[in-house]
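Working notes, beginning with the structure itself.
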Amino acid sequence: MIKKATSSCIKQLKSPQDDLIIHEQIFAPLGKINKYQYLFDSEDTLSEEQVEILKNYVDVRRQCRFYYYQMPLKEMVQAYVNFYAEMDKVYDGLISKDLTIGVANQKRFGLNESLQKQFNAIFNDLPK
């Protein structure tokens, strides 16, 4: 329900053209990492056009984050709070050109793996 509401929020606010640039030139879609290996290997920083597109992308996602605060367990909420605090550093590093596209993708992938592990641990600790 929360994931669906967040996705719906993002779809209403995002630009399809910007989304294409994000997923072809900046961030590898998480389910298709092998196809987008060039993004993990990139030593490029963002162009000014890409910076503006990323700023819009981040703004949309920030507007829709409030749904995550409705998670049923405080541990789940905290996992997302921590995840987005770290992702904001990745976004900021790309925008300031302190991070390359490759390093940002590696960090993003690691953060997503960590979030998944946290959720697995939360679910494993639930009473059976």
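Quick note on naming: the chains in the structure tokens go A, B, ... in the order shown, residues restart at 1 in each chain, and ligands are numbered from 1 in order of appearance.
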Find the spatial neighbours of Gln106 (chain A), counting only C-alpha atoms, within a cut-off of 8 Å - ignore same-chain residues fewer than 4 positions away - and output them as a list in words.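 Counting only the stated atoms, we get Phe40, Gly102 and Gly110 of chain A.
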Would you mind listing what lies within 10 Å of Ser47 (chain A) as a list in words, with only C-alpha atoms counted and same-chain residues fewer than 6 positions away left out? Ile53, Leu94, Ile95 and Lys97 of chain A
Here is a test: counting only C-alpha atoms, which residue of A:Ile122, A:Lys4, A:Val77, A:Gln25 is nearest to Gln37 (chain A)? A:Gln25
Given only C-alpha atoms as the basis, pick out the residue of A:Phe27, A:Phe66, A:Phe109, A:Tyr38 nearest to Ile2 (chain A).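 When distances to Ile2 (chain A) are compared using only C-alpha atoms, the smallest one comes from A:Phe66.
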Smallest atom-to-atom distance to Asn82 (chain A): which of A:Lys14, A:Leu115, A:Arg108, A:Pro29, using only C-alpha atoms? A:Leu115
Considering only C-alpha atoms, can you say which of A:Ile101, A:Leu126, A:Cys64, A:Ile26 comes closest to Gln12 (chain A)?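 Smallest separation from Gln12 (chain A) among the options: A:Cys64.
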Residues near Asp92 (chain A), anyone? I mean within 12 Å using only C-alpha atoms, not counting same-chain ones fewer than 2 positions away, as a list in words.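 Answer for this query is Leu46, Val51, Leu54, Lys55, Val58, Asp59, Tyr84, Ala85, Glu86, Met87, Asp88, Lys89, Val90, Leu94, Ile95, Ser96, Lys97, Asp98, Leu99, Thr100 and Ala104 of chain A.
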